[in-house]
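> Below you'll find target-v7.txt; it's compact mmCIF, N, CA and C atoms.
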```txt
# COMPACT_ATOMS: atom_id res chain seq x y z
N MET A 152 4.80 -2.73 14.11
CA MET A 152 4.05 -1.52 14.37
C MET A 152 5.01 -0.34 14.34
N ALA A 153 4.53 0.77 13.85
CA ALA A 153 5.34 1.97 13.73
C ALA A 153 5.57 2.60 15.10
N ILE A 154 6.71 3.22 15.24
CA ILE A 154 7.01 3.92 16.49
C ILE A 154 6.16 5.17 16.60
N ASN A 155 6.00 5.88 15.50
CA ASN A 155 5.15 7.05 15.49
C ASN A 155 4.40 7.12 14.16
N LYS A 156 3.56 8.10 14.01
CA LYS A 156 2.71 8.22 12.82
C LYS A 156 3.51 8.58 11.57
N ASN A 157 4.73 9.06 11.73
CA ASN A 157 5.52 9.48 10.58
C ASN A 157 6.23 8.33 9.89
N HIS A 158 6.28 7.17 10.51
CA HIS A 158 6.99 6.05 9.90
C HIS A 158 6.13 4.80 10.01
N GLU A 159 5.14 4.70 9.13
CA GLU A 159 4.23 3.57 9.14
C GLU A 159 4.69 2.52 8.16
N PHE A 160 4.44 1.27 8.49
CA PHE A 160 4.68 0.21 7.53
C PHE A 160 3.67 -0.89 7.77
N GLU A 161 3.33 -1.61 6.72
CA GLU A 161 2.37 -2.69 6.80
C GLU A 161 2.56 -3.61 5.61
N ASP A 162 1.84 -4.72 5.61
CA ASP A 162 1.91 -5.67 4.50
C ASP A 162 1.04 -5.17 3.36
N LEU A 163 1.64 -4.96 2.22
CA LEU A 163 0.93 -4.60 1.01
C LEU A 163 1.16 -5.72 0.01
N GLY A 164 0.09 -6.40 -0.34
CA GLY A 164 0.26 -7.55 -1.21
C GLY A 164 0.97 -8.66 -0.45
N THR A 165 2.13 -9.04 -0.94
CA THR A 165 2.88 -10.13 -0.29
C THR A 165 4.15 -9.65 0.39
N SER A 166 4.40 -8.35 0.43
CA SER A 166 5.64 -7.88 1.03
C SER A 166 5.37 -6.78 2.06
N LYS A 167 6.26 -6.70 3.03
CA LYS A 167 6.20 -5.65 4.05
C LYS A 167 6.73 -4.37 3.43
N CYS A 168 5.98 -3.28 3.58
CA CYS A 168 6.34 -2.02 2.92
C CYS A 168 6.25 -0.85 3.89
N ALA A 169 7.11 0.14 3.66
CA ALA A 169 6.97 1.42 4.34
C ALA A 169 5.91 2.21 3.58
N ILE A 170 4.96 2.76 4.29
CA ILE A 170 3.86 3.49 3.66
C ILE A 170 4.34 4.87 3.24
N VAL A 171 4.15 5.19 1.97
CA VAL A 171 4.49 6.51 1.46
C VAL A 171 3.27 7.42 1.57
N GLU A 172 2.12 6.93 1.12
CA GLU A 172 0.90 7.73 1.17
C GLU A 172 -0.31 6.81 1.10
N LYS A 173 -1.36 7.18 1.81
CA LYS A 173 -2.62 6.44 1.78
C LYS A 173 -3.69 7.31 1.12
N ASN A 174 -4.70 6.65 0.55
CA ASN A 174 -5.83 7.32 -0.10
C ASN A 174 -5.37 8.28 -1.19
N ALA A 175 -4.44 7.83 -2.01
CA ALA A 175 -3.93 8.65 -3.10
C ALA A 175 -4.74 8.41 -4.37
N SER A 176 -4.91 9.44 -5.16
CA SER A 176 -5.62 9.31 -6.43
C SER A 176 -4.73 8.62 -7.45
N ALA A 177 -5.31 8.24 -8.58
CA ALA A 177 -4.54 7.55 -9.62
C ALA A 177 -3.45 8.47 -10.18
N GLU A 178 -3.73 9.77 -10.31
CA GLU A 178 -2.73 10.70 -10.82
C GLU A 178 -1.57 10.84 -9.84
N ARG A 179 -1.89 10.87 -8.56
CA ARG A 179 -0.85 10.98 -7.52
C ARG A 179 0.00 9.71 -7.50
N VAL A 180 -0.63 8.56 -7.68
CA VAL A 180 0.10 7.30 -7.72
C VAL A 180 1.10 7.31 -8.87
N GLU A 181 0.67 7.76 -10.03
CA GLU A 181 1.56 7.80 -11.19
C GLU A 181 2.75 8.72 -10.94
N PHE A 182 2.49 9.90 -10.35
CA PHE A 182 3.57 10.86 -10.05
C PHE A 182 4.58 10.25 -9.07
N LEU A 183 4.09 9.72 -7.95
CA LEU A 183 4.99 9.20 -6.93
C LEU A 183 5.70 7.92 -7.40
N LYS A 184 5.01 7.09 -8.13
CA LYS A 184 5.63 5.85 -8.61
C LYS A 184 6.79 6.18 -9.55
N THR A 185 6.59 7.11 -10.46
CA THR A 185 7.67 7.51 -11.36
C THR A 185 8.85 8.08 -10.59
N LEU A 186 8.57 8.96 -9.64
CA LEU A 186 9.62 9.60 -8.85
C LEU A 186 10.39 8.59 -8.01
N LEU A 187 9.68 7.72 -7.31
CA LEU A 187 10.34 6.76 -6.43
C LEU A 187 11.10 5.68 -7.21
N GLU A 188 10.55 5.24 -8.32
CA GLU A 188 11.26 4.24 -9.12
C GLU A 188 12.53 4.84 -9.73
N PHE A 189 12.49 6.12 -10.09
CA PHE A 189 13.70 6.79 -10.58
C PHE A 189 14.78 6.81 -9.49
N ASN A 190 14.37 6.90 -8.23
CA ASN A 190 15.29 6.92 -7.11
C ASN A 190 15.61 5.52 -6.59
N LYS A 191 15.36 4.50 -7.40
CA LYS A 191 15.74 3.10 -7.13
C LYS A 191 14.97 2.45 -5.99
N TYR A 192 13.72 2.85 -5.77
CA TYR A 192 12.86 2.19 -4.79
C TYR A 192 11.89 1.27 -5.52
N GLU A 193 11.60 0.14 -4.92
CA GLU A 193 10.60 -0.76 -5.48
C GLU A 193 9.25 -0.35 -4.90
N VAL A 194 8.34 0.07 -5.76
CA VAL A 194 7.06 0.64 -5.35
C VAL A 194 5.97 -0.43 -5.42
N VAL A 195 5.13 -0.48 -4.39
CA VAL A 195 3.98 -1.38 -4.35
C VAL A 195 2.73 -0.51 -4.18
N VAL A 196 1.75 -0.74 -5.06
CA VAL A 196 0.50 0.03 -5.02
C VAL A 196 -0.65 -0.95 -4.88
N VAL A 197 -1.52 -0.72 -3.88
CA VAL A 197 -2.71 -1.55 -3.70
C VAL A 197 -3.92 -0.63 -3.52
N ASP A 198 -5.09 -1.17 -3.78
CA ASP A 198 -6.32 -0.42 -3.55
C ASP A 198 -6.50 -0.15 -2.07
N SER A 199 -6.92 1.06 -1.74
CA SER A 199 -7.24 1.37 -0.34
C SER A 199 -8.56 0.71 0.00
N PRO A 200 -8.72 0.25 1.24
CA PRO A 200 -10.00 -0.35 1.60
C PRO A 200 -11.11 0.68 1.55
N ALA A 201 -12.29 0.23 1.15
CA ALA A 201 -13.44 1.13 1.08
C ALA A 201 -13.82 1.58 2.48
N PRO A 202 -14.28 2.82 2.62
CA PRO A 202 -14.71 3.28 3.94
C PRO A 202 -15.92 2.50 4.41
N LYS A 203 -15.99 2.30 5.71
CA LYS A 203 -17.12 1.55 6.26
C LYS A 203 -18.37 2.42 6.23
N ALA A 204 -19.47 1.82 5.78
CA ALA A 204 -20.74 2.54 5.73
C ALA A 204 -21.40 2.48 7.10
N ALA A 205 -22.09 3.52 7.46
CA ALA A 205 -22.81 3.56 8.74
C ALA A 205 -24.00 2.61 8.66
N PRO A 206 -24.29 1.89 9.75
CA PRO A 206 -25.44 0.99 9.71
C PRO A 206 -26.74 1.77 9.59
N ALA A 207 -27.70 1.17 8.90
CA ALA A 207 -28.99 1.83 8.70
C ALA A 207 -29.74 1.87 10.02
N ALA A 208 -30.51 2.95 10.22
CA ALA A 208 -31.30 3.09 11.44
C ALA A 208 -32.46 2.10 11.39
N PRO A 209 -32.76 1.44 12.51
CA PRO A 209 -33.87 0.49 12.50
C PRO A 209 -35.20 1.22 12.31
N VAL A 210 -36.09 0.60 11.55
CA VAL A 210 -37.40 1.18 11.28
C VAL A 210 -38.42 0.50 12.18
N ALA A 211 -39.17 1.32 12.94
CA ALA A 211 -40.17 0.78 13.85
C ALA A 211 -41.43 0.44 13.07
N THR A 212 -41.92 -0.78 13.23
CA THR A 212 -43.17 -1.18 12.58
C THR A 212 -44.17 -1.53 13.66
N PRO A 213 -45.40 -1.06 13.52
CA PRO A 213 -46.41 -1.41 14.51
C PRO A 213 -46.74 -2.90 14.43
N VAL A 214 -46.98 -3.48 15.59
CA VAL A 214 -47.30 -4.91 15.68
C VAL A 214 -48.77 -5.05 16.03
N GLU A 215 -49.45 -6.06 15.48
CA GLU A 215 -50.87 -6.27 15.76
C GLU A 215 -51.09 -6.51 17.24
N GLY A 216 -52.12 -5.90 17.77
CA GLY A 216 -52.48 -6.13 19.16
C GLY A 216 -51.71 -5.28 20.14
N GLU A 217 -50.83 -4.46 19.70
CA GLU A 217 -50.07 -3.60 20.60
C GLU A 217 -50.46 -2.15 20.33
N GLY A 218 -50.19 -1.33 21.25
CA GLY A 218 -50.47 0.09 21.08
C GLY A 218 -51.85 0.45 21.59
N PRO A 219 -52.17 1.74 21.63
CA PRO A 219 -53.44 2.19 22.21
C PRO A 219 -54.65 1.78 21.38
N ALA A 220 -54.57 1.80 20.06
CA ALA A 220 -55.75 1.49 19.26
C ALA A 220 -55.61 0.14 18.56
N ALA A 221 -54.61 -0.62 18.91
CA ALA A 221 -54.35 -1.92 18.29
C ALA A 221 -54.39 -1.79 16.78
N ALA A 222 -53.50 -0.93 16.25
CA ALA A 222 -53.46 -0.67 14.81
C ALA A 222 -53.03 -1.92 14.06
N PRO A 223 -53.62 -2.12 12.90
CA PRO A 223 -53.22 -3.27 12.12
C PRO A 223 -51.78 -3.11 11.62
N ALA A 224 -51.14 -4.23 11.39
CA ALA A 224 -49.75 -4.20 10.94
C ALA A 224 -49.68 -3.58 9.56
N VAL A 225 -48.79 -2.62 9.41
CA VAL A 225 -48.61 -1.96 8.13
C VAL A 225 -47.23 -2.34 7.63
N PRO A 226 -47.17 -2.96 6.47
CA PRO A 226 -45.84 -3.32 5.96
C PRO A 226 -45.07 -2.05 5.62
N VAL A 227 -43.85 -1.99 6.10
CA VAL A 227 -42.99 -0.85 5.84
C VAL A 227 -41.87 -1.33 4.93
N ALA A 228 -41.74 -0.66 3.81
CA ALA A 228 -40.67 -1.04 2.88
C ALA A 228 -39.34 -0.62 3.49
N SER A 229 -38.49 -1.59 3.67
CA SER A 229 -37.18 -1.26 4.23
C SER A 229 -36.31 -0.73 3.11
N ALA A 230 -36.11 0.54 3.14
CA ALA A 230 -35.32 1.18 2.09
C ALA A 230 -33.85 1.05 2.45
N ALA A 231 -33.12 0.40 1.57
CA ALA A 231 -31.68 0.28 1.79
C ALA A 231 -31.04 1.64 1.51
N PRO A 232 -30.13 2.04 2.38
CA PRO A 232 -29.50 3.33 2.16
C PRO A 232 -28.69 3.30 0.86
N ILE A 233 -28.81 4.35 0.10
CA ILE A 233 -28.08 4.44 -1.15
C ILE A 233 -26.69 4.98 -0.82
N VAL A 234 -25.71 4.14 -1.07
CA VAL A 234 -24.33 4.50 -0.79
C VAL A 234 -23.65 4.76 -2.13
N PRO A 235 -23.12 5.96 -2.30
CA PRO A 235 -22.41 6.23 -3.57
C PRO A 235 -21.16 5.36 -3.65
N PRO A 236 -20.73 5.02 -4.84
CA PRO A 236 -19.54 4.19 -4.96
C PRO A 236 -18.33 4.92 -4.38
N ALA A 237 -17.51 4.16 -3.71
CA ALA A 237 -16.33 4.75 -3.09
C ALA A 237 -15.36 5.22 -4.16
N PRO A 238 -14.73 6.36 -3.95
CA PRO A 238 -13.76 6.81 -4.93
C PRO A 238 -12.58 5.83 -4.96
N SER A 239 -12.02 5.67 -6.11
CA SER A 239 -10.92 4.74 -6.27
C SER A 239 -9.65 5.39 -5.74
N THR A 240 -9.20 4.93 -4.58
CA THR A 240 -7.98 5.46 -3.99
C THR A 240 -7.02 4.31 -3.75
N PHE A 241 -5.76 4.67 -3.58
CA PHE A 241 -4.72 3.67 -3.48
C PHE A 241 -3.80 3.95 -2.31
N THR A 242 -3.14 2.90 -1.84
CA THR A 242 -2.09 3.01 -0.84
C THR A 242 -0.77 2.74 -1.53
N ILE A 243 0.18 3.63 -1.34
CA ILE A 243 1.49 3.53 -1.98
C ILE A 243 2.53 3.18 -0.92
N GLY A 244 3.35 2.21 -1.21
CA GLY A 244 4.41 1.82 -0.30
C GLY A 244 5.68 1.47 -1.06
N VAL A 245 6.79 1.42 -0.34
CA VAL A 245 8.05 0.97 -0.92
C VAL A 245 8.55 -0.20 -0.08
N THR A 246 9.25 -1.11 -0.73
CA THR A 246 9.68 -2.33 -0.02
C THR A 246 10.82 -2.06 0.95
N ASP A 247 11.48 -0.94 0.86
CA ASP A 247 12.52 -0.57 1.82
C ASP A 247 11.82 -0.01 3.07
N VAL A 248 11.75 -0.82 4.14
CA VAL A 248 11.01 -0.39 5.33
C VAL A 248 11.71 0.72 6.09
N CYS A 249 12.93 1.04 5.73
CA CYS A 249 13.64 2.16 6.35
C CYS A 249 13.26 3.50 5.72
N PHE A 250 12.52 3.46 4.61
CA PHE A 250 12.16 4.70 3.92
C PHE A 250 11.17 5.49 4.74
N ASN A 251 11.42 6.78 4.84
CA ASN A 251 10.51 7.72 5.50
C ASN A 251 10.44 8.94 4.59
N ALA A 252 9.25 9.24 4.09
CA ALA A 252 9.09 10.32 3.13
C ALA A 252 9.55 11.66 3.70
N THR A 253 9.23 11.94 4.95
CA THR A 253 9.62 13.21 5.55
C THR A 253 11.13 13.35 5.60
N ASN A 254 11.82 12.31 6.05
CA ASN A 254 13.28 12.36 6.11
C ASN A 254 13.89 12.44 4.72
N ALA A 255 13.30 11.76 3.76
CA ALA A 255 13.84 11.77 2.40
C ALA A 255 13.71 13.15 1.76
N ILE A 256 12.61 13.85 2.02
CA ILE A 256 12.41 15.17 1.42
C ILE A 256 13.30 16.21 2.09
N PHE A 257 13.23 16.29 3.41
CA PHE A 257 14.00 17.32 4.11
C PHE A 257 15.47 16.97 4.22
N GLY A 258 15.81 15.70 4.07
CA GLY A 258 17.21 15.29 4.04
C GLY A 258 17.80 15.40 2.65
N ARG A 259 16.97 15.86 1.68
CA ARG A 259 17.40 16.10 0.31
C ARG A 259 17.99 14.83 -0.33
N GLN A 260 17.32 13.70 -0.11
CA GLN A 260 17.81 12.41 -0.59
C GLN A 260 17.18 12.00 -1.92
N LEU A 261 16.09 12.63 -2.33
CA LEU A 261 15.41 12.26 -3.57
C LEU A 261 15.74 13.24 -4.68
N LYS A 262 15.84 12.73 -5.91
CA LYS A 262 16.10 13.58 -7.06
C LYS A 262 15.00 13.41 -8.09
N THR A 263 14.75 14.47 -8.84
CA THR A 263 13.78 14.41 -9.93
C THR A 263 14.45 13.77 -11.14
N THR A 264 13.66 13.47 -12.15
CA THR A 264 14.23 12.89 -13.37
C THR A 264 15.13 13.88 -14.08
N GLY A 265 14.97 15.15 -13.77
CA GLY A 265 15.83 16.19 -14.35
C GLY A 265 17.12 16.40 -13.58
N GLY A 266 17.33 15.68 -12.48
CA GLY A 266 18.55 15.80 -11.71
C GLY A 266 18.50 16.79 -10.57
N HIS A 267 17.36 17.46 -10.36
CA HIS A 267 17.23 18.41 -9.25
C HIS A 267 16.81 17.67 -7.99
N ILE A 268 17.11 18.26 -6.86
CA ILE A 268 16.70 17.67 -5.58
C ILE A 268 15.22 17.99 -5.36
N VAL A 269 14.48 17.00 -4.87
CA VAL A 269 13.04 17.14 -4.66
C VAL A 269 12.79 18.07 -3.48
N SER A 270 12.00 19.12 -3.73
CA SER A 270 11.61 20.04 -2.66
C SER A 270 10.23 19.62 -2.14
N LEU A 271 9.83 20.18 -1.02
CA LEU A 271 8.53 19.87 -0.45
C LEU A 271 7.40 20.29 -1.40
N ALA A 272 7.53 21.45 -2.02
CA ALA A 272 6.50 21.92 -2.95
C ALA A 272 6.40 20.99 -4.16
N TYR A 273 7.51 20.47 -4.62
CA TYR A 273 7.48 19.53 -5.74
C TYR A 273 6.83 18.22 -5.32
N TRP A 274 7.15 17.73 -4.14
CA TRP A 274 6.56 16.49 -3.62
C TRP A 274 5.05 16.63 -3.49
N GLN A 275 4.59 17.78 -3.04
CA GLN A 275 3.15 18.02 -2.88
C GLN A 275 2.50 18.43 -4.20
N GLU A 276 3.25 18.48 -5.27
CA GLU A 276 2.80 18.85 -6.61
C GLU A 276 2.24 20.28 -6.67
N LYS A 277 2.81 21.17 -5.85
CA LYS A 277 2.45 22.58 -5.91
C LYS A 277 3.29 23.30 -6.97
N GLU A 278 4.46 22.74 -7.27
CA GLU A 278 5.34 23.28 -8.30
C GLU A 278 5.63 22.17 -9.30
N SER A 279 5.73 22.52 -10.57
CA SER A 279 6.02 21.51 -11.58
C SER A 279 7.52 21.28 -11.74
N VAL A 280 8.33 22.22 -11.25
CA VAL A 280 9.78 22.09 -11.31
C VAL A 280 10.32 22.29 -9.90
N SER A 281 11.25 21.43 -9.50
CA SER A 281 11.81 21.53 -8.16
C SER A 281 12.84 22.64 -8.10
N ASN A 282 12.68 23.53 -7.12
CA ASN A 282 13.62 24.61 -6.90
C ASN A 282 14.54 24.17 -5.78
N ASP A 283 15.71 23.67 -6.13
CA ASP A 283 16.62 23.13 -5.12
C ASP A 283 17.80 24.04 -4.83
N GLU A 284 17.70 25.31 -5.22
CA GLU A 284 18.81 26.22 -4.99
C GLU A 284 19.01 26.52 -3.51
N LEU A 285 17.91 26.71 -2.78
CA LEU A 285 17.98 27.01 -1.36
C LEU A 285 17.32 25.88 -0.57
N PRO A 286 17.92 25.49 0.55
CA PRO A 286 17.23 24.52 1.41
C PRO A 286 15.94 25.11 1.96
N TYR A 287 15.03 24.27 2.41
CA TYR A 287 13.73 24.72 2.89
C TYR A 287 13.84 25.73 4.03
N PHE A 288 14.88 25.63 4.87
CA PHE A 288 14.96 26.52 6.02
C PHE A 288 15.52 27.89 5.64
N ASP A 289 16.08 28.04 4.43
CA ASP A 289 16.56 29.34 3.98
C ASP A 289 15.58 30.01 3.03
N ASN A 290 14.53 29.30 2.62
CA ASN A 290 13.57 29.82 1.67
C ASN A 290 12.63 30.81 2.37
N LYS A 291 12.71 32.09 1.97
CA LYS A 291 11.89 33.10 2.64
C LYS A 291 11.03 33.83 1.66
```
Would you kindly transcribe this structure into structure tokens?

Amino acid sequence: MAINKNHEFEDLGTSKCAIVEKNASAERVEFLKTLLEFNKYEVVVVDSPAPKAAPAAPVATPVEGEGPAAAPAVPVASAAPIVPPAPSTFTIGVTDVCFNATNAIFGRQLKTTGGHIVSLAYWQEKESVSNDELPYFDNK
């Protein structure tokens, strides 16, 4: 079990992994997998579990001989709730259980394929090129 929410790990497939990100899209998986494999991490990707659907509300049906006017039984079609298909999301992990994404980014331990240090904006895919000239605490 993780000490705090920032360093989670669990079994993904057949190996224990440090969780990098949960509920990631296929595009995000491709981006992070390329980046982490370039930095010599073994990446494991599994499907995220589907969200649990809320149980359907029970439908009251009148019973013969009950009620004020003893209404005859009326068959009620039990309509199954239409649940849209769950979006395809993935859980990304690395087999190095000491890996912590927050420490790796702010500790400037990850590099892009171009040789630049990964910035927070690059990790979040807000920038297409990592600006590693200034550390995050000097960026104003």
> Suppose you want the space between atom N of Ile243 of chain A and atom CA of Glu178 of chain A; what is it in Å?
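These two atoms are separated by 12.2 Å.
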> Find, counting all atoms listed in the file, the residue in A:Lys262, A:Val248, A:Leu271, A:Lys173 that gets nearest to Leu186 of chain A.
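Closest to Leu186 of chain A, using all atoms listed in the file: A:Lys262.
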> Kindly give the distance, in Å, that separates atom CA of Thr240 of chain A and atom CA of Arg179 of chain A, rounded to a single decimal.
9.7 Å
> From the list A:Ile233, A:His158, A:Phe241, A:Leu183, which residue is nearest Ser199 of chain A when using all atoms listed in the file?
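Closest residue, counting all atoms listed in the file: A:Phe241.
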> Here is a test: counting only N, CA and C atoms, which residue of A:Lys156, A:Val171, A:Trp274, A:Asp162 is nearest to Phe250 of chain A?
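Selected residue with least distance to Phe250 of chain A: A:Val171.
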> Would you list the contacts of Asn282 of chain A as a PyMOL selection string, taking every protein, DNA or RNA residue within 7 Å and counting all atoms listed in the file, but skipping same-chain residues closer than 5 positions in sequence?
chain A and resi 268-270+273
> What is the atom C of Glu276 of chain A-atom CA of Phe182 of chain A distance in Å, reported with one decimal?
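Those two atoms sit 10.1 Å apart.
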